[in-house]
file coords-v9.cif (mmCIF, C-alpha atoms)
data_input
loop_
_atom_site.group_PDB
_atom_site.id
_atom_site.type_symbol
_atom_site.label_atom_id
_atom_site.label_comp_id
_atom_site.auth_asym_id
_atom_site.auth_seq_id
_atom_site.Cartn_x
_atom_site.Cartn_y
_atom_site.Cartn_z
ATOM 1 C CA MET A 1 22.144 -85.959 124.868
ATOM 2 C CA LEU A 2 24.974 -84.772 127.125
ATOM 3 C CA PHE A 3 28.528 -85.689 126.158
ATOM 4 C CA PRO A 4 31.049 -84.204 128.603
ATOM 5 C CA TYR A 5 34.606 -84.655 127.490
ATOM 6 C CA TYR A 6 37.250 -85.140 130.128
ATOM 7 C CA PHE A 7 40.811 -84.068 129.596
ATOM 8 C CA LYS A 8 43.731 -84.739 131.877
ATOM 9 C CA HIS A 9 46.734 -82.494 131.455
ATOM 10 C CA LEU A 10 50.173 -83.169 132.794
ATOM 11 C CA ILE A 11 52.350 -80.097 132.785
ATOM 12 C CA LEU A 12 55.993 -80.471 133.636
ATOM 13 C CA SER A 13 58.391 -77.590 134.055
ATOM 14 C CA THR A 14 61.942 -77.406 135.317
ATOM 15 C CA HIS A 15 63.139 -74.486 137.336
ATOM 16 C CA ASN A 16 66.270 -74.807 139.463
ATOM 17 C CA CYS A 17 66.139 -78.622 139.067
ATOM 18 C CA MET A 18 62.565 -78.762 140.403
ATOM 19 C CA ILE A 19 59.793 -80.650 138.610
ATOM 20 C CA ILE A 20 56.218 -79.447 139.048
ATOM 21 C CA ALA A 21 53.358 -81.705 137.936
ATOM 22 C CA MET A 22 49.750 -80.537 137.646
ATOM 23 C CA SER A 23 46.591 -82.467 136.787
ATOM 24 C CA GLU A 24 43.254 -80.867 135.929
ATOM 25 C CA LYS A 25 39.790 -82.146 134.960
ATOM 26 C CA THR A 26 37.777 -80.183 132.412
ATOM 27 C CA SER A 27 34.266 -80.870 131.085
ATOM 28 C CA VAL A 28 33.315 -79.334 127.725
ATOM 29 C CA LEU A 29 29.775 -78.744 126.435
ATOM 30 C CA LEU A 30 29.741 -77.861 122.727
ATOM 31 C CA SER A 31 27.328 -75.522 120.928
ATOM 32 C CA ASP A 32 24.991 -78.337 119.784
ATOM 33 C CA VAL A 33 24.146 -79.229 123.414
ATOM 34 C CA THR A 34 21.025 -77.939 125.203
ATOM 35 C CA ILE A 35 20.471 -78.644 128.900
ATOM 36 C CA SER A 36 17.349 -78.029 130.975
ATOM 37 C CA GLY A 37 18.299 -78.545 134.593
ATOM 38 C CA ASN A 38 21.040 -77.738 137.076
ATOM 39 C CA ILE A 39 24.700 -78.640 136.523
ATOM 40 C CA THR A 40 27.291 -79.417 139.188
ATOM 41 C CA GLU A 41 30.945 -79.801 138.135
ATOM 42 C CA LYS A 42 33.747 -80.395 140.653
ATOM 43 C CA GLY A 43 36.403 -79.229 138.174
ATOM 44 C CA THR A 44 36.312 -76.778 135.272
ATOM 45 C CA LEU A 45 33.318 -76.430 132.945
ATOM 46 C CA VAL A 46 33.837 -74.923 129.486
ATOM 47 C CA THR A 47 30.646 -74.313 127.533
ATOM 48 C CA ASP A 48 29.362 -72.894 124.275
ATOM 49 C CA SER A 49 25.916 -74.456 124.788
ATOM 50 C CA LYS A 50 22.429 -73.432 125.913
ATOM 51 C CA ILE A 51 21.725 -74.090 129.604
ATOM 52 C CA ASP A 52 18.425 -73.416 131.393
ATOM 53 C CA GLY A 53 19.343 -74.011 135.024
ATOM 54 C CA ASP A 54 21.845 -73.168 137.738
ATOM 55 C CA ILE A 55 25.543 -73.976 137.374
ATOM 56 C CA THR A 56 27.874 -74.837 140.250
ATOM 57 C CA ALA A 57 31.530 -75.446 139.358
ATOM 58 C CA ASP A 58 35.043 -74.806 140.540
ATOM 59 C CA GLU A 59 35.643 -72.763 137.357
ATOM 60 C CA LEU A 60 33.270 -71.782 134.546
ATOM 61 C CA HIS A 61 34.279 -70.498 131.104
ATOM 62 C CA THR A 62 31.529 -69.576 128.621
ATOM 63 C CA HIS A 63 32.087 -68.786 124.961
ATOM 64 C CA GLU A 64 30.382 -66.436 122.515
ATOM 65 C CA SER A 65 27.513 -68.763 121.476
ATOM 66 C CA SER A 66 26.627 -69.827 125.035
ATOM 67 C CA LYS A 67 23.232 -68.920 126.505
ATOM 68 C CA ILE A 68 22.794 -69.383 130.244
ATOM 69 C CA ASN A 69 19.488 -68.720 132.001
ATOM 70 C CA GLY A 70 20.200 -69.424 135.653
ATOM 71 C CA ASN A 71 22.456 -68.599 138.579
ATOM 72 C CA VAL A 72 26.188 -69.314 138.578
ATOM 73 C CA ASN A 73 28.285 -70.258 141.617
ATOM 74 C CA ALA A 74 32.014 -70.791 140.974
ATOM 75 C CA SER A 75 35.342 -69.691 142.399
ATOM 76 C CA LYS A 76 36.385 -68.295 138.995
ATOM 77 C CA VAL A 77 34.066 -67.276 136.140
ATOM 78 C CA THR A 78 34.845 -66.088 132.608
ATOM 79 C CA LEU A 79 31.733 -65.032 130.682
ATOM 80 C CA GLY A 80 31.845 -64.697 126.891
ATOM 81 C CA GLY A 81 28.232 -65.291 125.861
ATOM 82 C CA PHE A 82 24.709 -64.494 127.066
ATOM 83 C CA SER A 83 23.973 -64.914 130.761
ATOM 84 C CA LYS A 84 20.788 -64.021 132.631
ATOM 85 C CA GLY A 85 20.911 -64.677 136.367
ATOM 86 C CA ASN A 86 23.020 -63.983 139.424
ATOM 87 C CA VAL A 87 26.744 -64.748 139.491
ATOM 88 C CA ASN A 88 28.551 -65.511 142.774
ATOM 89 C CA SER A 89 32.310 -65.844 142.352
ATOM 90 C CA ASP A 90 35.635 -64.760 143.813
ATOM 91 C CA ASN A 91 36.834 -63.688 140.363
ATOM 92 C CA VAL A 92 34.574 -62.595 137.478
ATOM 93 C CA ARG A 93 35.968 -61.786 134.028
ATOM 94 C CA ILE A 94 33.578 -60.504 131.358
ATOM 95 C CA LYS A 95 34.777 -60.732 127.763
ATOM 96 C CA SER A 96 33.887 -58.242 125.008
ATOM 97 C CA THR A 97 31.487 -60.765 123.400
ATOM 98 C CA ALA A 98 29.388 -61.135 126.577
ATOM 99 C CA GLU A 99 25.847 -59.949 127.246
ATOM 100 C CA ILE A 100 25.111 -60.103 130.987
ATOM 101 C CA ASP A 101 21.840 -59.422 132.846
ATOM 102 C CA GLY A 102 21.829 -59.955 136.615
ATOM 103 C CA VAL A 103 23.548 -59.365 139.944
ATOM 104 C CA LEU A 104 27.294 -59.982 140.200
ATOM 105 C CA ASN A 105 28.596 -60.776 143.682
ATOM 106 C CA GLN A 106 32.398 -60.988 143.500
ATOM 107 C CA LYS A 107 35.755 -60.082 145.043
ATOM 108 C CA THR A 108 37.346 -58.988 141.753
ATOM 109 C CA LEU A 109 35.697 -57.945 138.487
ATOM 110 C CA SER A 110 37.215 -57.221 135.081
ATOM 111 C CA VAL A 111 35.237 -56.163 132.010
ATOM 112 C CA GLU A 112 36.531 -55.962 128.446
ATOM 113 C CA GLU A 113 35.414 -53.060 126.269
ATOM 114 C CA GLY A 114 32.370 -53.933 124.150
ATOM 115 C CA ALA A 115 30.559 -56.151 126.665
ATOM 116 C CA LYS A 116 26.814 -55.475 127.030
ATOM 117 C CA LEU A 117 25.873 -55.190 130.691
ATOM 118 C CA LYS A 118 22.643 -54.799 132.610
ATOM 119 C CA ILE A 119 24.035 -55.601 136.047
ATOM 120 C CA LYS A 120 24.267 -54.702 139.690
ATOM 121 C CA ALA A 121 27.762 -55.413 140.998
ATOM 122 C CA GLU A 122 28.373 -56.170 144.660
ATOM 123 C CA THR A 123 31.790 -56.740 146.213
ATOM 124 C CA TYR A 124 32.302 -58.930 149.266
#

call {"tool": "encode", "arguments": {"input": "coords-v9.cif", "output": "structure tokens"}}
result
Amino acid sequence: MLFPYYFKHLILSTHNCMIIAMSEKTSVLLSDVTISGNITEKGTLVTDSKIDGDITADELHTHESSKINGNVNASKVTLGGFSKGNVNSDNVRIKSTAEIDGVLNQKTLSVEEGAKLKIKAETY
């Protein structure tokens, strides 16, 4: 069963008597969730779950226990778990806990020491 949790954040800061307000929607899939099928998220998706299918989101953040078998399309991607499939993103960040197998198509790429990679990286 899928239980996305939605959080709304209101961040206020003052700088030279100016107030800036920001609102963001985030969906979270915990480690006890398994999904077979494609996911589309208009906001940010944070996951530590197992997903067999393609993911389309504005931003994607995966954690150490996540297992993704499918392609990822997002403007910003942070990978911390297992991912097998192609990743298309403006900004890809690979954490030290990640194990990635696939083609990365990105504008910027950063990789932390310790990540396990079997990739082909393409810059556009």

call {"tool": "closest_atom_pairs", "arguments": {"input": "coords-v9.cif", "of": "stretch 51-121 of chain A", "to": "stretch 34-41 of chain A", "cutoff": "8 Å", "atoms": "all atoms listed in the file", "output": "CSV"}}
result
residue,atom,partner,partner_atom,distance
A:Ile51,CA,A:Ile35,CA,4.8
A:Asp52,CA,A:Ser36,CA,4.8
A:Gly53,CA,A:Asn38,CA,4.6
A:Asp54,CA,A:Asn38,CA,4.7
A:Ile55,CA,A:Ile39,CA,4.8
A:Thr56,CA,A:Thr40,CA,4.7
A:Ala57,CA,A:Glu41,CA,4.6
A:Asp58,CA,A:Glu41,CA,6.9

call {"tool": "resolve_selection", "arguments": {"input": "coords-v9.cif", "expression": "the PyMOL selection byres ((chain A and resi 65-71) around 6)", "output": "mmCIF file with C-alpha atoms, in the frame of the given file"}}
result
data_model
loop_
_atom_site.group_PDB
_atom_site.id
_atom_site.type_symbol
_atom_site.label_atom_id
_atom_site.label_comp_id
_atom_site.auth_asym_id
_atom_site.auth_seq_id
_atom_site.Cartn_x
_atom_site.Cartn_y
_atom_site.Cartn_z
ATOM 1 C CA ASP A 48 29.362 -72.894 124.275
ATOM 2 C CA SER A 49 25.916 -74.456 124.788
ATOM 3 C CA LYS A 50 22.429 -73.432 125.913
ATOM 4 C CA ILE A 51 21.725 -74.090 129.604
ATOM 5 C CA ASP A 52 18.425 -73.416 131.393
ATOM 6 C CA GLY A 53 19.343 -74.011 135.024
ATOM 7 C CA ASP A 54 21.845 -73.168 137.738
ATOM 8 C CA HIS A 63 32.087 -68.786 124.961
ATOM 9 C CA GLU A 64 30.382 -66.436 122.515
ATOM 10 C CA VAL A 72 26.188 -69.314 138.578
ATOM 11 C CA GLY A 81 28.232 -65.291 125.861
ATOM 12 C CA PHE A 82 24.709 -64.494 127.066
ATOM 13 C CA SER A 83 23.973 -64.914 130.761
ATOM 14 C CA LYS A 84 20.788 -64.021 132.631
ATOM 15 C CA GLY A 85 20.911 -64.677 136.367
ATOM 16 C CA ASN A 86 23.020 -63.983 139.424
ATOM 17 C CA VAL A 87 26.744 -64.748 139.491
#

call {"tool": "resolve_selection", "arguments": {"input": "coords-v9.cif", "expression": "the PyMOL selection byres ((chain A and resi 120) around 9)", "output": "PDB file with C-alpha atoms, in the coordinates of the input"}}
result
ATOM      1  CA  ASP A 101      21.840 -59.422 132.846  1.00  0.00           C
ATOM      2  CA  GLY A 102      21.829 -59.955 136.615  1.00  0.00           C
ATOM      3  CA  VAL A 103      23.548 -59.365 139.944  1.00  0.00           C
ATOM      4  CA  LEU A 104      27.294 -59.982 140.200  1.00  0.00           C
ATOM      5  CA  ASN A 105      28.596 -60.776 143.682  1.00  0.00           C
ATOM      6  CA  LYS A 118      22.643 -54.799 132.610  1.00  0.00           C
ATOM      7  CA  ILE A 119      24.035 -55.601 136.047  1.00  0.00           C
ATOM      8  CA  ALA A 121      27.762 -55.413 140.998  1.00  0.00           C
ATOM      9  CA  GLU A 122      28.373 -56.170 144.660  1.00  0.00           C
TER      10      GLU A 122
END

call {"tool": "atom_distance", "arguments": {"input": "coords-v9.cif", "atom1": "atom CA of A:Leu29", "atom2": "atom CA of A:Arg93"}}
result
19.6 Å

call {"tool": "closest_residue", "arguments": {"input": "coords-v9.cif", "among": "A:Ile100, A:Val92, A:Leu79, A:Val46", "to": "A:Ser31", "atoms": "all atoms listed in the file"}}
result
A:Val46

call {"tool": "closest_residue", "arguments": {"input": "coords-v9.cif", "among": "A:Leu60, A:Leu117, A:Lys42, A:Val28", "to": "A:Asp90", "atoms": "only C-alpha atoms"}}
result
A:Leu60

call {"tool": "resolve_selection", "arguments": {"input": "coords-v9.cif", "expression": "the PyMOL selection byres ((chain A and resi 113) around 12)", "output": "PyMOL selection string"}}
result
chain A and resi 93-99+110-112+114-117

call {"tool": "atom_distance", "arguments": {"input": "coords-v9.cif", "atom1": "atom CA of A:Asn88", "atom2": "atom CA of A:Ala74"}}
result
6.6 Å

call {"tool": "atom_distance", "arguments": {"input": "coords-v9.cif", "atom1": "atom CA of A:Thr47", "atom2": "atom CA of A:Gln106"}}
result
20.9 Å

call {"tool": "closest_residue", "arguments": {"input": "coords-v9.cif", "among": "A:Thr44, A:Ser27, A:Asn91, A:Thr62", "to": "A:Lys76", "atoms": "only C-alpha atoms"}}
result
A:Asn91
